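Enquirer: Here you go, run-v8.csv (CSV, C-alpha atoms):
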chain,number,residue,atom,x,y,z
A,23,MET,CA,23.1,75.7,155.5
A,24,SER,CA,21.1,77.2,152.7
A,25,GLY,CA,17.5,76.2,152.1
A,26,PRO,CA,14.0,77.5,151.3
A,27,LEU,CA,13.6,81.0,152.5
A,28,LEU,CA,11.3,81.6,155.4
A,29,LEU,CA,8.1,83.6,154.9
A,30,SER,CA,8.3,87.1,156.5
A,31,ARG,CA,5.2,86.5,158.5
A,32,HIS,CA,6.6,83.2,159.8
A,33,ALA,CA,9.8,85.0,160.9
A,34,GLU,CA,7.8,87.6,162.7
A,35,CYS,CA,5.6,85.1,164.4
A,36,LEU,CA,8.5,83.0,165.5
A,37,VAL,CA,10.2,86.0,167.2
A,38,TRP,CA,7.0,87.0,168.9
A,39,LEU,CA,6.1,83.4,170.0
A,40,ALA,CA,9.4,83.1,171.7
A,41,ARG,CA,9.1,86.6,173.2
A,42,TYR,CA,5.6,86.0,174.6
A,43,MET,CA,6.5,82.7,176.2
A,44,GLU,CA,9.6,84.2,177.8
A,45,ARG,CA,7.5,87.2,178.9
A,46,ILE,CA,5.0,84.9,180.6
A,47,GLU,CA,7.7,83.1,182.5
A,48,ASN,CA,9.6,86.2,183.5
A,49,LEU,CA,6.6,88.1,184.5
A,50,ALA,CA,5.6,85.2,186.7
A,51,ARG,CA,9.1,85.5,188.2
A,52,ILE,CA,8.7,89.2,188.8
A,53,LEU,CA,5.4,88.7,190.5
A,54,ASP,CA,6.7,85.9,192.6
A,55,VAL,CA,9.8,87.8,193.8
A,56,THR,CA,7.8,90.9,194.6
A,57,ASP,CA,5.4,88.8,196.6
A,58,THR,CA,8.3,87.4,198.5
A,59,PHE,CA,9.8,90.8,199.1
A,60,VAL,CA,6.6,92.2,200.5
A,61,ARG,CA,5.8,89.2,202.6
A,62,HIS,CA,9.3,89.3,204.1
A,63,GLY,CA,9.1,92.9,205.3
A,64,ALA,CA,9.4,95.3,202.3
A,65,ASP,CA,6.6,97.9,202.2
A,66,GLN,CA,3.7,97.8,199.7
A,67,SER,CA,5.6,100.1,197.3
A,68,GLY,CA,7.0,96.8,196.0
A,69,TRP,CA,3.8,96.3,194.1
A,70,GLU,CA,3.9,99.7,192.6
A,71,ALA,CA,7.5,99.0,191.5
A,72,VAL,CA,6.1,96.2,189.2
A,73,VAL,CA,4.0,98.8,187.4
A,74,TRP,CA,6.7,101.4,187.0
A,75,ILE,CA,9.4,98.9,185.8
A,76,ASN,CA,7.0,97.7,183.1
A,77,SER,CA,6.2,101.3,182.1
A,78,ASP,CA,2.5,100.7,182.7
A,79,ASP,CA,1.8,103.5,185.1
A,80,GLU,CA,-0.7,105.3,182.9
A,81,PRO,CA,-3.0,102.4,182.0
A,82,PHE,CA,-2.7,100.9,185.4
A,83,PHE,CA,-3.7,104.0,187.4
A,84,ARG,CA,-6.4,104.8,184.9
A,85,LYS,CA,-8.1,101.6,186.2
A,86,HIS,CA,-6.9,101.4,189.8
A,87,ASP,CA,-6.5,103.9,192.5
A,88,ALA,CA,-3.6,102.2,194.2
A,89,ALA,CA,-1.0,99.5,193.5
A,90,THR,CA,-1.8,96.7,196.0
A,91,ALA,CA,-1.2,93.0,195.8
A,92,GLU,CA,-4.8,92.5,194.6
A,93,THR,CA,-4.8,95.2,191.9
A,94,VAL,CA,-1.4,94.4,190.5
A,95,LEU,CA,-1.9,90.7,190.4
A,96,ASP,CA,-5.3,91.2,188.6
A,97,PHE,CA,-3.7,93.6,186.1
A,98,TYR,CA,-0.8,91.4,185.2
A,99,LEU,CA,-2.4,88.0,185.4
A,100,LEU,CA,-6.0,88.3,184.2
A,101,ASP,CA,-6.6,91.6,182.6
A,102,ARG,CA,-7.5,91.1,178.9
A,103,GLU,CA,-7.3,94.8,178.3
A,104,ASN,CA,-3.7,95.0,179.5
A,105,PRO,CA,-1.5,93.9,176.5
A,106,ASN,CA,1.3,93.1,179.0
A,107,SER,CA,-0.7,90.7,181.2
A,108,ILE,CA,0.0,87.0,181.3
A,109,LEU,CA,-3.4,86.3,179.8
A,110,SER,CA,-2.9,88.6,176.9
A,111,ALA,CA,0.6,87.2,176.3
A,112,MET,CA,-0.8,83.7,176.4
A,113,LEU,CA,-3.5,84.5,173.8
A,114,ALA,CA,-1.0,86.2,171.6
A,115,ALA,CA,1.5,83.3,171.9
A,116,ARG,CA,-1.2,80.8,170.9
A,117,GLU,CA,-2.3,82.9,167.9
A,118,ASN,CA,1.3,83.1,166.7
A,119,ALA,CA,1.6,79.3,167.2
A,120,ARG,CA,-1.6,78.8,165.1
A,121,THR,CA,0.0,80.8,162.2
A,122,LEU,CA,3.1,78.7,162.6
A,123,ARG,CA,1.3,75.4,162.6
A,124,PRO,CA,3.0,74.1,159.4
A,125,LEU,CA,6.4,74.7,161.0
A,126,ILE,CA,6.0,73.5,164.6
A,127,SER,CA,5.7,69.9,165.9
A,128,THR,CA,2.5,68.3,167.1
A,129,GLU,CA,3.9,68.2,170.6
A,130,MET,CA,4.5,71.9,170.6
A,131,TRP,CA,1.0,72.6,169.3
A,132,THR,CA,-0.6,70.3,171.8
A,133,GLN,CA,1.3,71.7,174.8
A,134,MET,CA,0.5,75.2,173.7
A,135,ASN,CA,-3.2,74.5,173.6
A,136,VAL,CA,-3.3,72.8,176.9
A,137,PHE,CA,-1.4,75.7,178.5
A,138,SER,CA,-3.5,78.3,176.8
A,139,ASN,CA,-6.7,76.6,178.0
A,140,ARG,CA,-5.5,76.5,181.6
A,141,VAL,CA,-4.6,80.2,181.6
A,142,ARG,CA,-7.9,81.2,180.0
A,143,ALA,CA,-9.8,79.3,182.6
A,144,LEU,CA,-8.1,81.1,185.5
A,145,LYS,CA,-10.5,83.0,187.9
A,146,ARG,CA,-9.9,86.0,190.1
A,147,ALA,CA,-9.7,83.6,193.1
A,148,ASP,CA,-6.8,81.9,191.4
A,149,ALA,CA,-4.9,85.2,191.4
A,150,ALA,CA,-5.4,86.0,195.0
A,151,PRO,CA,-2.3,87.0,197.0
A,152,SER,CA,-2.5,83.8,199.1
A,153,ARG,CA,-2.3,81.7,195.9
A,154,VAL,CA,0.2,83.7,193.8
A,155,SER,CA,3.2,81.5,194.6
A,156,GLY,CA,1.6,78.3,193.4
A,157,LEU,CA,0.1,80.0,190.3
A,158,CYS,CA,3.5,81.5,189.4
A,159,ALA,CA,5.2,78.0,189.8
A,160,PHE,CA,2.6,76.5,187.4
A,161,LEU,CA,3.2,79.3,184.9
A,162,LYS,CA,7.0,78.9,185.0
A,163,GLU,CA,6.8,75.1,184.7
A,164,ALA,CA,4.5,75.3,181.7
A,165,CYS,CA,6.8,77.8,180.0
A,166,GLN,CA,9.8,75.5,180.7
A,167,ALA,CA,7.9,72.6,179.3
A,168,HIS,CA,7.3,74.6,176.1
A,169,ALA,CA,11.0,75.5,176.0
A,170,GLY,CA,12.0,71.9,176.4
A,171,ILE,CA,9.6,70.6,173.7
A,172,THR,CA,10.6,73.3,171.3
A,173,ASP,CA,14.3,72.6,171.9
A,174,GLY,CA,13.7,68.9,171.3
A,175,THR,CA,11.5,69.1,168.2
A,176,PHE,CA,12.0,72.3,166.3
A,177,TYR,CA,13.9,71.9,163.0
A,178,ARG,CA,17.3,73.8,163.0
A,179,ASP,CA,16.8,76.1,160.1
A,180,GLN,CA,16.2,79.9,159.7
A,181,GLY,CA,13.1,79.5,161.8
A,182,TRP,CA,15.1,78.3,164.8
A,183,ALA,CA,17.4,81.3,164.5
A,184,PHE,CA,14.4,83.7,164.6
A,185,TYR,CA,12.9,81.9,167.5
A,186,CYS,CA,16.1,82.1,169.5
A,187,ILE,CA,16.5,85.8,168.6
A,188,GLY,CA,13.0,86.4,170.2
A,189,ARG,CA,13.9,84.3,173.2
A,190,TYR,CA,17.2,86.0,174.0
A,191,LEU,CA,15.8,89.5,173.3
A,192,GLU,CA,13.0,89.0,175.8
A,193,ARG,CA,15.2,87.2,178.4
A,194,ALA,CA,17.8,90.0,178.4
A,195,ASP,CA,15.2,92.6,178.8
A,196,GLN,CA,13.4,90.8,181.6
A,197,THR,CA,16.6,90.0,183.5
A,198,SER,CA,17.4,93.7,183.5
A,199,ARG,CA,13.9,94.5,184.8
A,200,LEU,CA,14.2,92.0,187.6
A,201,VAL,CA,17.5,93.5,188.8
A,202,ASP,CA,15.9,97.0,188.5
A,203,ILE,CA,13.1,96.1,190.9
A,204,LYS,CA,15.4,95.2,193.7
A,205,TYR,CA,18.0,97.9,193.2
A,206,ASN,CA,15.9,100.9,192.7
A,207,THR,CA,12.6,100.4,194.5
A,208,LEU,CA,13.2,97.9,197.2
A,209,LEU,CA,16.5,98.9,198.6
A,210,PRO,CA,16.5,98.8,202.4
A,211,LYS,CA,17.3,101.7,204.6
A,212,PRO,CA,21.1,102.3,204.9
A,213,GLY,CA,21.1,100.7,208.3
A,214,ASP,CA,19.5,97.6,207.0
A,215,VAL,CA,22.0,96.9,204.2
A,216,GLY,CA,23.6,93.5,204.9
A,217,GLY,CA,21.0,92.6,207.5
A,218,PRO,CA,18.7,89.6,207.5
A,219,LEU,CA,16.0,91.4,205.4
A,220,ASP,CA,18.4,92.6,202.8
A,221,VAL,CA,20.1,89.2,202.4
A,222,SER,CA,16.8,87.4,202.2
A,223,GLN,CA,15.7,89.7,199.4
A,224,TRP,CA,18.9,89.1,197.4
A,225,HIS,CA,18.3,85.3,197.9
A,226,ALA,CA,14.8,85.7,196.5
A,227,LEU,CA,16.0,87.7,193.6
A,228,LEU,CA,18.5,85.1,192.6
A,229,ARG,CA,15.9,82.3,193.0
A,230,ALA,CA,13.5,84.3,190.9
A,231,ALA,CA,16.1,84.3,188.1
A,232,SER,CA,16.9,80.6,188.7
A,233,GLY,CA,20.4,81.7,189.6
A,234,TYR,CA,20.8,81.0,193.3
A,235,HIS,CA,22.8,77.7,193.0
A,236,ALA,CA,24.9,78.9,190.1
A,237,PHE,CA,25.7,82.1,192.1
A,238,ARG,CA,26.7,80.0,195.1
A,239,ARG,CA,29.1,77.9,193.0
A,240,LEU,CA,31.0,81.1,192.3
A,241,TYR,CA,30.5,82.8,195.7
A,242,PRO,CA,29.9,80.1,198.4
A,243,SER,CA,29.9,82.6,201.3
A,244,GLU,CA,29.5,86.1,199.9
A,245,MET,CA,26.4,88.0,198.8
A,246,THR,CA,26.7,91.7,198.1
A,247,PRO,CA,24.6,93.9,195.8
A,248,ALA,CA,27.6,94.3,193.4
A,249,LEU,CA,28.2,90.5,193.2
A,250,VAL,CA,24.5,89.8,192.5
A,251,ALA,CA,24.1,92.5,190.0
A,252,GLY,CA,27.4,91.6,188.3
A,253,PHE,CA,26.3,88.0,188.1
A,254,LEU,CA,22.9,88.7,186.6
A,255,LEU,CA,24.2,91.3,184.1
A,256,MET,CA,27.8,90.3,183.2
A,257,ASN,CA,28.4,86.6,183.9
A,258,HIS,CA,29.5,84.7,180.8
A,259,ALA,CA,28.1,81.3,181.8
A,260,PHE,CA,24.7,82.0,183.5
A,261,PRO,CA,21.9,81.3,180.9
A,262,ARG,CA,19.8,84.3,182.0
A,263,SER,CA,22.6,86.9,182.3
A,264,VAL,CA,22.3,89.9,180.0
A,265,VAL,CA,25.7,89.5,178.5
A,266,LEU,CA,25.2,85.8,177.6
A,267,CYS,CA,21.9,86.7,176.0
A,268,VAL,CA,23.6,89.4,173.9
A,269,LYS,CA,26.3,86.9,172.8
A,270,GLN,CA,23.6,84.4,171.7
A,271,LEU,CA,21.8,87.1,169.8
A,272,GLU,CA,25.0,87.9,167.9
A,273,ILE,CA,25.4,84.2,167.1
A,274,TYR,CA,21.9,83.8,165.6
A,275,LEU,CA,21.9,87.1,163.8
A,276,SER,CA,25.3,86.3,162.3
A,277,GLN,CA,24.0,82.9,161.3
A,278,LEU,CA,21.1,84.5,159.3
A,279,GLY,CA,23.7,86.6,157.4
A,280,SER,CA,26.5,84.1,156.8
A,281,GLY,CA,24.5,80.8,156.8
A,282,TYR,CA,21.4,81.9,154.9
A,283,THR,CA,22.7,85.0,153.1
A,284,LEU,CA,19.9,87.1,154.5
A,285,ARG,CA,20.7,90.8,154.3
A,286,GLY,CA,19.9,93.5,156.8
A,287,THR,CA,21.5,92.1,160.0
A,288,TYR,CA,24.2,94.8,160.3
A,289,PRO,CA,22.2,97.5,162.2
A,290,ALA,CA,21.1,95.0,164.8
A,291,LEU,CA,24.6,93.5,165.1
A,292,GLU,CA,26.1,97.0,165.5
A,293,ARG,CA,23.7,97.8,168.4
A,294,LEU,CA,24.6,94.4,170.0
A,295,GLU,CA,28.3,95.1,169.7
A,296,GLU,CA,27.8,98.4,171.5
A,297,LEU,CA,25.8,96.8,174.2
A,298,ARG,CA,28.3,94.0,174.7
A,299,ALA,CA,31.1,96.5,175.0
A,300,ALA,CA,29.2,98.4,177.7
A,301,LEU,CA,28.7,95.3,179.7
A,302,LEU,CA,32.2,93.9,179.4
A,303,ASP,CA,34.4,97.0,179.4
A,304,GLN,CA,33.6,98.3,182.9
A,305,PRO,CA,33.3,96.7,186.3
A,306,ILE,CA,29.9,96.5,187.9
A,307,GLU,CA,31.1,98.9,190.6
A,308,ALA,CA,31.5,101.6,188.0
A,309,VAL,CA,28.0,101.0,186.8
A,310,LEU,CA,26.6,101.2,190.3
A,311,GLU,CA,28.5,104.4,191.0
A,312,ARG,CA,27.1,106.1,187.9
A,313,GLY,CA,23.6,104.8,188.4
A,314,LEU,CA,22.3,101.3,187.7
A,315,HIS,CA,18.8,102.4,186.9
A,316,GLU,CA,20.0,104.7,184.2
A,317,PHE,CA,22.3,102.0,182.8
A,318,LEU,CA,19.4,99.5,182.7
A,319,ASP,CA,17.2,102.0,181.0
A,320,TRP,CA,19.8,102.3,178.3
A,321,VAL,CA,20.2,98.5,178.1
A,322,GLN,CA,16.5,98.2,177.5
A,323,MET,CA,16.5,100.9,174.8
A,324,GLN,CA,19.3,99.1,173.0
A,325,LEU,CA,17.4,95.8,173.1
A,326,ARG,CA,14.3,97.6,171.7
A,327,GLY,CA,16.5,99.0,169.0
A,328,VAL,CA,17.8,95.5,168.1
A,329,HIS,CA,14.2,94.2,167.8
A,330,ASP,CA,13.2,97.2,165.7
A,331,ALA,CA,16.2,96.7,163.4
A,332,VAL,CA,15.4,93.0,163.0
A,333,ALA,CA,11.8,93.9,162.2
A,334,GLN,CA,12.8,96.5,159.7
A,335,ALA,CA,15.1,94.0,157.9
A,336,PHE,CA,12.8,91.0,157.7
A,337,TRP,CA,9.2,91.9,158.0
A,338,ALA,CA,8.6,95.6,158.0
A,339,GLU,CA,6.7,95.3,154.7
A,340,ALA,CA,5.2,91.8,155.3
Go ahead and render the structure in this file as structure tokens.

Expert:
Amino acid sequence: MSGPLLLSRHAECLVWLARYMERIENLARILDVTDTFVRHGADQSGWEAVVWINSDDEPFFRKHDAATAETVLDFYLLDRENPNSILSAMLAARENARTLRPLISTEMWTQMNVFSNRVRALKRADAAPSRVSGLCAFLKEACQAHAGITDGTFYRDQGWAFYCIGRYLERADQTSRLVDIKYNTLLPKPGDVGGPLDVSQWHALLRAASGYHAFRRLYPSEMTPALVAGFLLMNHAFPRSVVLCVKQLEIYLSQLGSGYTLRGTYPALERLEELRAALLDQPIEAVLERGLHEFLDWVQMQLRGVHDAVAQAFWAEA
């Protein structure tokens, strides 16, 4: 499996290209599910939840007095000054792809340019609450097209391992944030638990993660908070579950060490082992009892630590 070593800047760009494309898709999912929650009866605090879950409260409230559908959608879809907006992520993804032009296929580059141009051409009217569902569908489909083209054309060498590391880091992080929104900011009143509103919101959450039909294969007639959270965090077969992403990260990091004799993977693998153990060595009920929000905060810190360890090993001095 040995071959020419990858340039450090290419390794970094591959991780970030994958992260930005996953981020666009998952942020579109979060905006879509929040819109669904609010339209189906949740109060407007659902929009503020998006800001808090993304840790953007300071820059957001510096620009806006309140978190409404209009202000949050503008901030996360079109705001060039917000580094976490879909527009900013798209521009950054395209710039990373430009650096990677010698490594990526013509099909990848063409689709990236078409997608980037469409996003750059979006107007404020396109991000209106009445149109957000269609816009999010377009964003998700374009990201899925990128993923399919990349999977079908990218050469399986060290670069592929770095791309997949970025993909699964971002996917695990964003799945945890999606669960956090429902659990900690949109929980209904005690009397509403299990009612039509509560059930419809869990349906929407699973659909936002593209997990509804997979969940129903396991649980044809049940839908409880514990089952949904356990499925999204701890299921071994669902592609967006946190534990599956952690396992994929372990595979690709180990491949860099054993297949390409690249040093420096141990600190990241050590963090992943700790994270996997925390996900698998306790039932979801124990996590809920001790506090899901605190657990998900810790998961996100571990994932940031994995990214930092990879960066330190492979491109800190690039």

Enquirer: Do a neighbour search on A:Ile187 at 7 Å with only C-alpha atoms, toss out local chain neighbours closer than 6 positions, and write the hits as a list in words.

Expert: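 Listed by chain and then number, they are Val37, Leu271 and Tyr274 of chain A.
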
Enquirer: Please produce a file of the residues just selected, as a compact mmCIF listing (two decimals), in the frame of the given file, where the atoms kept are C-alpha atoms.

Expert:
# COMPACT_ATOMS: atom_id res chain seq x y z
CA VAL A 37 10.20 86.00 167.20
CA LEU A 271 21.80 87.10 169.80
CA TYR A 274 21.90 83.80 165.60

Enquirer: From the list A:Asn135, A:Gln304, A:Gln166, A:Ser198, which residue is nearest A:Arg123 when using only C-alpha atoms?

Expert: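 Of A:Asn135, A:Gln304, A:Gln166, A:Ser198, the one nearest A:Arg123, counting only C-alpha atoms, is A:Asn135.
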
Enquirer: Skip A:Trp337 itself and residues of its chain fewer than 4 positions away, then list as a VMD selection string all residues within 12 Å of it, counting all atoms listed in the file.

Expert: chain A and resid 28 to 37 184 286 329 to 333

Enquirer: Please provide the set of residues having any atom within 12 Å of A:Asn106, restricted to all atoms listed in the file, with same-chain residues fewer than 3 positions apart removed, written as a ChimeraX atom specification.

Expert: /A:41-43,45-46,48-50,72-73,76-78,81-82,94,96-103,109-114

Enquirer: Would you work out the distance separating atom CA of A:Ile108 from atom CA of A:Leu122, expressed in Å to one decimal?

Expert: 20.7 Å

Enquirer: Near A:Ser127, within 12 Å and counting only C-alpha atoms, which residues show up once chain neighbours fewer than 5 positions away are dropped, as a list of chain:residue names?

Expert: A:Ala119, A:Arg120, A:Leu122, A:Thr132, A:Gln133, A:Met134, A:His168, A:Ile171, A:Thr172, A:Asp173, A:Gly174, A:Thr175, A:Phe176, A:Tyr177

Enquirer: Anything within 7 Å of (9.9, 81.0, 168.4): list those residues as a PDB file with C-alpha atoms, in the coordinates of the input, counting only C-alpha atoms and sticking to the file's coordinates.

Expert:
ATOM      1  CA  LEU A  36       8.500  83.000 165.500  1.00  0.00           C
ATOM      2  CA  VAL A  37      10.200  86.000 167.200  1.00  0.00           C
ATOM      3  CA  TRP A  38       7.000  87.000 168.900  1.00  0.00           C
ATOM      4  CA  LEU A  39       6.100  83.400 170.000  1.00  0.00           C
ATOM      5  CA  ALA A  40       9.400  83.100 171.700  1.00  0.00           C
ATOM      6  CA  TRP A 182      15.100  78.300 164.800  1.00  0.00           C
ATOM      7  CA  PHE A 184      14.400  83.700 164.600  1.00  0.00           C
ATOM      8  CA  TYR A 185      12.900  81.900 167.500  1.00  0.00           C
ATOM      9  CA  CYS A 186      16.100  82.100 169.500  1.00  0.00           C
ATOM     10  CA  GLY A 188      13.000  86.400 170.200  1.00  0.00           C
TER      11      GLY A 188
END

Enquirer: Rounded to one decimal, what separation in Å do you get between atom CA of A:Gly170 and atom CA of A:Leu157?

Expert: 20.0 Å

Enquirer: Near A:His258, within 12 Å and counting all atoms listed in the file, which residues show up once chain neighbours fewer than 6 positions away are dropped, as a list in words?

Expert: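 Everything that qualifies: Ala236, Gly252, Val264, Val265, Leu266, Cys267, Val268, Lys269, Gln270, Arg298, Leu301 and Leu302 of chain A.
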
Enquirer: Between atom CA of A:His225 and atom CA of A:Phe237, what distance in Å does the model show, to one decimal?

Expert: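 Computing the Euclidean distance for atom CA of A:His225 and atom CA of A:Phe237 yields 9.9 Å.
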
Enquirer: Generate N, CA and C atoms for stretch 137-163 of chain A and emit them as an mmCIF file, keeping the file's coordinate frame.

Expert:
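File written: out_32.cif
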data_model
loop_
_atom_site.group_PDB
_atom_site.id
_atom_site.type_symbol
_atom_site.label_atom_id
_atom_site.label_comp_id
_atom_site.auth_asym_id
_atom_site.auth_seq_id
_atom_site.Cartn_x
_atom_site.Cartn_y
_atom_site.Cartn_z
ATOM 1 N N PHE A 137 -1.802 74.525 177.715
ATOM 2 C CA PHE A 137 -1.400 75.700 178.500
ATOM 3 C C PHE A 137 -2.319 76.839 178.362
ATOM 4 N N SER A 138 -2.634 77.147 177.117
ATOM 5 C CA SER A 138 -3.500 78.300 176.800
ATOM 6 C C SER A 138 -4.887 78.074 177.488
ATOM 7 N N ASN A 139 -5.418 76.883 177.402
ATOM 8 C CA ASN A 139 -6.700 76.600 178.000
ATOM 9 C C ASN A 139 -6.691 76.760 179.524
ATOM 10 N N ARG A 140 -5.589 76.328 180.128
ATOM 11 C CA ARG A 140 -5.500 76.500 181.600
ATOM 12 C C ARG A 140 -5.424 77.942 181.986
ATOM 13 N N VAL A 141 -4.691 78.750 181.243
ATOM 14 C CA VAL A 141 -4.600 80.200 181.600
ATOM 15 C C VAL A 141 -5.924 80.869 181.347
ATOM 16 N N ARG A 142 -6.590 80.552 180.258
ATOM 17 C CA ARG A 142 -7.900 81.200 180.000
ATOM 18 C C ARG A 142 -8.936 80.817 181.001
ATOM 19 N N ALA A 143 -8.774 79.694 181.657
ATOM 20 C CA ALA A 143 -9.800 79.300 182.600
ATOM 21 C C ALA A 143 -9.514 79.832 184.037
ATOM 22 N N LEU A 144 -8.423 80.587 184.217
ATOM 23 C CA LEU A 144 -8.100 81.100 185.500
ATOM 24 C C LEU A 144 -9.209 82.121 185.975
ATOM 25 N N LYS A 145 -9.548 82.062 187.256
ATOM 26 C CA LYS A 145 -10.500 83.000 187.900
ATOM 27 C C LYS A 145 -9.798 83.938 188.786
ATOM 28 N N ARG A 146 -10.534 84.961 189.208
ATOM 29 C CA ARG A 146 -9.900 86.000 190.100
ATOM 30 C C ARG A 146 -9.435 85.316 191.385
ATOM 31 N N ALA A 147 -10.137 84.308 191.869
ATOM 32 C CA ALA A 147 -9.700 83.600 193.100
ATOM 33 C C ALA A 147 -8.336 82.963 192.912
ATOM 34 N N ASP A 148 -8.041 82.527 191.685
ATOM 35 C CA ASP A 148 -6.800 81.900 191.400
ATOM 36 C C ASP A 148 -5.594 82.878 191.512
ATOM 37 N N ALA A 149 -5.893 84.172 191.323
ATOM 38 C CA ALA A 149 -4.900 85.200 191.400
ATOM 39 C C ALA A 149 -4.801 85.924 192.695
ATOM 40 N N ALA A 150 -5.445 85.366 193.707
ATOM 41 C CA ALA A 150 -5.400 86.000 195.000
ATOM 42 C C ALA A 150 -3.995 85.937 195.597
ATOM 43 N N PRO A 151 -3.609 86.931 196.407
ATOM 44 C CA PRO A 151 -2.300 87.000 197.000
ATOM 45 C C PRO A 151 -1.853 85.672 197.686
ATOM 46 N N SER A 152 -2.807 85.041 198.334
ATOM 47 C CA SER A 152 -2.500 83.800 199.100
ATOM 48 C C SER A 152 -2.152 82.644 198.160
ATOM 49 N N ARG A 153 -2.485 82.769 196.869
ATOM 50 C CA ARG A 153 -2.300 81.700 195.900
ATOM 51 C C ARG A 153 -1.258 81.996 194.840
ATOM 52 N N VAL A 154 -0.665 83.200 194.910
ATOM 53 C CA VAL A 154 0.200 83.700 193.800
ATOM 54 C C VAL A 154 1.416 82.809 193.632
ATOM 55 N N SER A 155 1.991 82.339 194.726
ATOM 56 C CA SER A 155 3.200 81.500 194.600
ATOM 57 C C SER A 155 2.976 80.259 193.831
ATOM 58 N N GLY A 156 1.900 79.559 194.143
ATOM 59 C CA GLY A 156 1.600 78.300 193.400
ATOM 60 C C GLY A 156 1.243 78.584 191.965
ATOM 61 N N LEU A 157 0.506 79.664 191.717
ATOM 62 C CA LEU A 157 0.100 80.000 190.300
ATOM 63 C C LEU A 157 1.394 80.331 189.525
ATOM 64 N N CYS A 158 2.305 81.112 190.114
ATOM 65 C CA CYS A 158 3.500 81.500 189.400
ATOM 66 C C CYS A 158 4.391 80.224 189.126
ATOM 67 N N ALA A 159 4.404 79.289 190.067
ATOM 68 C CA ALA A 159 5.200 78.000 189.800
ATOM 69 C C ALA A 159 4.582 77.283 188.655
ATOM 70 N N PHE A 160 3.248 77.211 188.574
ATOM 71 C CA PHE A 160 2.600 76.500 187.400
ATOM 72 C C PHE A 160 2.980 77.235 186.122
ATOM 73 N N LEU A 161 2.926 78.567 186.087
ATOM 74 C CA LEU A 161 3.200 79.300 184.900
ATOM 75 C C LEU A 161 4.679 79.081 184.434
ATOM 76 N N LYS A 162 5.590 79.119 185.381
ATOM 77 C CA LYS A 162 7.000 78.900 185.000
ATOM 78 C C LYS A 162 7.245 77.498 184.524
ATOM 79 N N GLU A 163 6.640 76.522 185.168
ATOM 80 C CA GLU A 163 6.800 75.100 184.700
ATOM 81 C C GLU A 163 6.262 74.886 183.354
#
